[in-house]
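Data from query-v7.cif: mmCIF, C-alpha atoms
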```cif
data_start
loop_
_atom_site.label_atom_id
_atom_site.label_comp_id
_atom_site.auth_asym_id
_atom_site.auth_seq_id
_atom_site.Cartn_x
_atom_site.Cartn_y
_atom_site.Cartn_z
CA MET A 1 1.47 168.76 -21.02
CA TYR A 2 1.58 167.46 -17.46
CA ALA A 3 4.68 167.86 -15.31
CA LYS A 4 7.44 165.43 -16.23
CA ASP A 5 7.17 163.69 -12.86
CA ILE A 6 3.63 162.42 -13.67
CA ALA A 7 3.15 159.12 -15.49
CA LEU A 8 0.10 157.50 -17.08
CA LEU A 9 -0.47 153.79 -16.46
CA VAL A 10 -2.88 152.06 -18.88
CA VAL A 11 -3.82 148.65 -17.51
CA ASP A 12 -4.74 145.68 -19.73
CA LEU A 13 -6.62 147.40 -22.56
CA GLN A 14 -7.06 144.09 -24.39
CA PRO A 15 -9.91 142.56 -26.45
CA ASP A 16 -10.43 139.64 -24.05
CA PHE A 17 -11.61 142.15 -21.42
CA MET A 18 -14.15 143.75 -23.76
CA PRO A 19 -17.61 142.64 -24.93
CA GLY A 20 -17.23 139.48 -27.01
CA GLY A 21 -13.96 138.61 -25.28
CA ALA A 22 -13.18 135.69 -23.00
CA LEU A 23 -13.52 137.72 -19.79
CA PRO A 24 -15.52 140.83 -20.70
CA CYS A 25 -15.74 143.85 -18.44
CA HIS A 26 -19.00 145.78 -18.23
CA GLN A 27 -18.82 148.21 -21.19
CA GLY A 28 -15.09 147.52 -21.42
CA ASP A 29 -14.82 148.89 -24.95
CA ALA A 30 -16.39 152.25 -24.00
CA ILE A 31 -13.13 153.58 -22.59
CA VAL A 32 -11.03 152.94 -25.69
CA PRO A 33 -11.71 156.27 -27.49
CA GLY A 34 -10.92 158.28 -24.37
CA ILE A 35 -7.66 156.46 -23.71
CA ALA A 36 -6.69 156.67 -27.38
CA ALA A 37 -7.28 160.44 -27.30
CA LEU A 38 -5.32 160.78 -24.06
CA LEU A 39 -2.27 159.05 -25.54
CA ALA A 40 -2.59 160.98 -28.80
CA SER A 41 -2.61 164.26 -26.87
CA ARG A 42 0.89 163.46 -25.55
CA LYS A 43 0.03 165.14 -22.24
CA TYR A 44 2.16 162.57 -20.42
CA ALA A 45 5.91 162.42 -20.92
CA THR A 46 5.91 158.88 -19.49
CA VAL A 47 3.30 156.29 -20.48
CA VAL A 48 3.28 152.66 -19.33
CA ALA A 49 0.91 150.02 -20.68
CA THR A 50 0.42 146.60 -19.14
CA GLN A 51 -0.55 143.47 -21.04
CA ASP A 52 -2.01 140.38 -19.39
CA TRP A 53 0.07 137.58 -20.95
CA HIS A 54 -0.79 134.10 -19.71
CA PRO A 55 0.51 130.70 -20.80
CA HIS A 56 -2.28 128.41 -22.03
CA ASP A 57 -2.16 126.37 -18.80
CA HIS A 58 -2.11 129.23 -16.34
CA ALA A 59 -3.04 128.31 -12.75
CA SER A 60 -5.74 131.02 -12.58
CA PHE A 61 -7.76 129.32 -15.33
CA ALA A 62 -10.73 127.28 -14.16
CA SER A 63 -9.94 124.81 -16.96
CA GLN A 64 -6.81 123.78 -15.03
CA HIS A 65 -8.78 122.74 -11.92
CA SER A 66 -10.97 119.69 -12.35
CA GLY A 67 -14.47 120.14 -10.98
CA HIS A 68 -14.25 123.92 -10.74
CA LYS A 69 -15.95 126.61 -12.79
CA PRO A 70 -15.03 130.22 -13.67
CA LEU A 71 -15.54 132.74 -10.85
CA GLU A 72 -15.23 130.09 -8.15
CA VAL A 73 -12.65 130.93 -5.46
CA ILE A 74 -10.00 128.43 -4.36
CA THR A 75 -6.87 128.62 -2.23
CA LEU A 76 -3.69 128.87 -4.31
CA HIS A 77 -0.27 129.23 -2.65
CA GLY A 78 -2.08 130.00 0.60
CA GLN A 79 -4.02 132.87 -0.96
CA SER A 80 -7.57 133.22 -2.24
CA GLN A 81 -7.65 132.86 -6.01
CA THR A 82 -10.59 133.60 -8.27
CA LEU A 83 -10.69 131.14 -11.14
CA TRP A 84 -11.14 132.76 -14.53
CA PRO A 85 -12.10 131.64 -18.02
CA ASP A 86 -9.06 131.08 -20.22
CA HIS A 87 -8.10 134.60 -21.30
CA CYS A 88 -5.21 136.68 -22.67
CA VAL A 89 -3.33 133.57 -23.75
CA GLN A 90 0.11 134.49 -25.04
CA GLY A 91 0.06 135.25 -28.76
CA SER A 92 -3.73 135.14 -29.09
CA ALA A 93 -5.83 137.90 -30.65
CA GLY A 94 -7.56 138.46 -27.32
CA ALA A 95 -4.24 139.19 -25.63
CA ALA A 96 -3.18 141.91 -28.08
CA LEU A 97 -3.26 145.53 -27.00
CA ASP A 98 -6.30 147.23 -28.51
CA PRO A 99 -5.35 148.29 -32.06
CA ARG A 100 -7.45 151.46 -31.89
CA VAL A 101 -4.82 153.00 -29.63
CA ASP A 102 -1.46 154.24 -30.92
CA TRP A 103 0.85 152.39 -28.56
CA ASN A 104 3.93 153.99 -30.13
CA THR A 105 3.47 156.75 -27.55
CA ALA A 106 4.09 154.26 -24.70
CA ASN A 107 7.55 154.27 -23.15
CA LEU A 108 7.14 150.79 -21.67
CA ILE A 109 4.85 147.82 -22.29
CA LEU A 110 4.90 145.50 -19.29
CA ARG A 111 3.68 141.94 -19.74
CA LYS A 112 2.36 140.33 -16.58
CA GLY A 113 0.90 137.00 -15.51
CA SER A 114 3.40 135.02 -17.57
CA ASP A 115 4.42 132.75 -14.67
CA ARG A 116 2.02 129.82 -15.01
CA GLN A 117 1.84 129.30 -11.24
CA VAL A 118 1.16 132.88 -10.14
CA ASP A 119 -1.60 135.31 -11.07
CA SER A 120 -0.69 138.97 -11.51
CA TYR A 121 -3.40 141.61 -11.22
CA SER A 122 -1.11 144.49 -10.33
CA ALA A 123 1.39 146.19 -12.60
CA PHE A 124 3.71 146.48 -9.61
CA ARG A 125 3.58 143.12 -7.80
CA GLU A 126 2.62 139.49 -8.33
CA ASN A 127 -0.34 138.07 -6.39
CA PHE A 128 1.82 135.75 -4.30
CA GLY A 129 2.15 136.74 -0.63
CA PRO A 130 0.74 139.49 1.62
CA ARG A 131 0.09 142.97 0.23
CA GLY A 132 3.18 145.16 0.35
CA ASP A 133 5.48 142.13 0.50
CA ARG A 134 4.67 140.40 -2.80
CA PRO A 135 7.32 139.87 -5.50
CA ALA A 136 7.90 143.08 -7.44
CA THR A 137 7.67 143.40 -11.22
CA GLY A 138 10.32 146.13 -11.25
CA LEU A 139 7.94 148.84 -12.45
CA ALA A 140 8.20 150.92 -9.28
CA GLY A 141 11.97 151.09 -9.55
CA TRP A 142 11.78 151.96 -13.24
CA LEU A 143 9.39 154.85 -12.52
CA HIS A 144 11.38 156.11 -9.54
CA GLU A 145 14.56 156.17 -11.63
CA ARG A 146 12.76 158.32 -14.21
CA GLY A 147 11.85 160.81 -11.47
CA ILE A 148 8.15 159.94 -11.41
CA THR A 149 6.32 160.96 -8.23
CA GLU A 150 2.69 160.71 -9.37
CA VAL A 151 0.85 158.01 -11.34
CA HIS A 152 -2.51 158.33 -13.09
CA VAL A 153 -4.19 154.93 -13.58
CA CYS A 154 -6.83 153.79 -16.08
CA GLY A 155 -7.85 150.67 -18.01
CA LEU A 156 -9.36 147.26 -17.23
CA ALA A 157 -10.65 145.94 -14.96
CA ARG A 158 -11.58 148.63 -12.45
CA ASP A 159 -12.28 146.15 -9.65
CA TYR A 160 -9.23 143.94 -10.14
CA CYS A 161 -6.11 144.87 -12.10
CA VAL A 162 -6.63 148.65 -12.11
CA LEU A 163 -7.51 148.73 -8.41
CA TRP A 164 -4.59 146.53 -7.37
CA SER A 165 -2.19 148.56 -9.54
CA ALA A 166 -3.39 151.81 -7.97
CA GLN A 167 -3.07 150.40 -4.45
CA ASP A 168 0.42 149.05 -5.09
CA ALA A 169 1.49 152.32 -6.69
CA ALA A 170 0.49 154.12 -3.49
CA ILE A 171 2.31 151.55 -1.35
CA SER A 172 5.38 152.07 -3.58
CA GLY A 173 5.50 155.74 -2.65
CA PHE A 174 3.69 157.41 -5.54
CA ARG A 175 0.84 159.87 -5.34
CA VAL A 176 -1.96 158.13 -7.25
CA ARG A 177 -4.95 159.43 -9.15
CA PHE A 178 -7.58 157.01 -10.40
CA LEU A 179 -9.17 158.03 -13.72
CA TRP A 180 -12.57 156.54 -12.89
CA GLU A 181 -14.33 157.30 -16.20
CA LEU A 182 -11.50 155.63 -18.10
CA THR A 183 -11.97 152.33 -16.24
CA ARG A 184 -14.68 149.66 -16.35
CA PRO A 185 -15.33 146.78 -13.92
CA VAL A 186 -15.85 143.06 -14.31
CA SER A 187 -18.98 143.75 -12.25
CA ALA A 188 -20.52 147.14 -11.52
CA ASN A 189 -21.72 145.63 -8.25
CA ASN A 190 -18.15 146.05 -6.99
CA ASP A 191 -18.00 149.83 -7.57
CA ALA A 192 -18.89 150.83 -4.01
CA ALA A 193 -16.24 148.52 -2.57
CA VAL A 194 -13.67 149.86 -5.04
CA ARG A 195 -14.37 153.45 -3.98
CA ILE A 196 -13.96 152.48 -0.33
CA ALA A 197 -10.66 150.73 -1.07
CA LEU A 198 -9.35 153.75 -2.97
CA SER A 199 -10.33 156.10 -0.18
CA GLU A 200 -8.65 153.89 2.42
CA GLY A 201 -5.53 153.84 0.27
CA GLY A 202 -5.38 157.64 0.00
CA ILE A 203 -5.97 157.48 -3.74
CA GLU A 204 -7.71 160.40 -5.38
CA VAL A 205 -10.57 159.58 -7.77
CA LEU A 206 -10.88 161.87 -10.78
#
```

Please go through the file and, once you have read it, give me the structure as structure tokens.
Amino acid sequence: MYAKDIALLVVDLQPDFMPGGALPCHQGDAIVPGIAALLASRKYATVVATQDWHPHDHASFASQHSGHKPLEVITLHGQSQTLWPDHCVQGSAGAALDPRVDWNTANLILRKGSDRQVDSYSAFRENFGPRGDRPATGLAGWLHERGITEVHVCGLARDYCVLWSAQDAAISGFRVRFLWELTRPVSANNDAAVRIALSEGGIEVL
């Protein structure tokens, strides 16, 4: 078992981010057995899972912007916003946490992206505003109060929600380790840029 001050953060392990889903990551389902085994091993005293949880008319959906298509980039609230296919709609099968994992071992399940006007890649902060000064989800405070000093991050997608969560965890004062083999990207073409971003953020890749 790891030291009690180390937490595991599993980001958005949901069917919509896997092959056949609305917004599939490259080989997104390949990491499920490893994450399931990691939770079953109970090596972590504190486990947090996030769940993308959008209303049907979420502002990040291309369907809400006439004349625009998925993966186009627009300006939303003064920030660049990638437009996505409708995904992880609240209550849908695609938004459920993957049933092959025993989530009873999780201490906290954090739903994010539920504000229809604001996207939420990170487990720690909403997308609105400059990095380090965006509205907090409260996760950092919750972890600090439990005595957590180090966070290990895995899940989907490597180049968006997992990366942003790792970066924000580091900004929030945690030592961060990125479990690379237990992540998958929307596009493998982004892997080099992700590694650079992690290095610049002082985040260790395992």

I would like the residues chosen by the PyMOL selection byres ((chain A and resi 156-171) around 9) on the shown file; could you give them as number ranges by chain? A: 9-14, 17-18, 25-26, 28, 120-125, 131-132, 140, 150-155, 172-178, 180, 182-188, 190-191, 193-194, 197-198, 201-203

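You will find atom CA of Thr149 of chain A at 20.8 Å from atom CA of Asp133 of chain A.
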
Skipping near chain neighbours, those fewer than 5 positions away, what residues fall within 10 Å of segment 111-117 of chain A using only C-alpha atoms, listed as a ChimeraX atom specification? /A:12,49-61,76-77,88-90,122-128,137

The residues within 9 Å of (4.8, 160.6, -21.1), using only C-alpha atoms and the coordinates of the file, should be reported as a VMD selection string; which are they? chain A and resid 1 to 2 4 6 to 8 39 42 to 48 105 to 107

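This file, filtered with the PyMOL selection byres ((chain A and resi 80) around 12), gives the residues Ser60, Leu71, Glu72, Val73, Ile74, Thr75, Leu76, His77, Gly78, Gln79, Gln81, Thr82, Leu83, Val118, Asp119, Asn127, Phe128, Gly129 and Pro130 of chain A.
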
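Within the file as shown, the PyMOL selection byres ((chain A and resi 85) around 7) identifies A:Ala22, A:Leu23, A:Phe61, A:Ala62, A:Pro70, A:Trp84, A:Asp86, A:His87.
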
Those selected residues, please, written with C-alpha atoms and delivered as a PDB file, in the frame of the given file.
```pdb
ATOM      1  CA  ALA A  22     -13.180 135.690 -23.000  1.00  0.00           C
ATOM      2  CA  LEU A  23     -13.520 137.720 -19.790  1.00  0.00           C
ATOM      3  CA  PHE A  61      -7.760 129.320 -15.330  1.00  0.00           C
ATOM      4  CA  ALA A  62     -10.730 127.280 -14.160  1.00  0.00           C
ATOM      5  CA  PRO A  70     -15.030 130.220 -13.670  1.00  0.00           C
ATOM      6  CA  TRP A  84     -11.140 132.760 -14.530  1.00  0.00           C
ATOM      7  CA  ASP A  86      -9.060 131.080 -20.220  1.00  0.00           C
ATOM      8  CA  HIS A  87      -8.100 134.600 -21.300  1.00  0.00           C
TER       9      HIS A  87
END
```

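Going from atom CA of Pro19 of chain A to atom CA of Ala37 of chain A covers 20.7 Å.
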
What's the separation between atom CA of Gly67 of chain A and atom CA of Asn189 of chain A, in Å to one decimal place? 26.6 Å

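Closest approach to Ala95 of chain A among A:Glu200, A:Asp16, A:Asp5, A:Glu181: A:Asp16, based on all atoms listed in the file.
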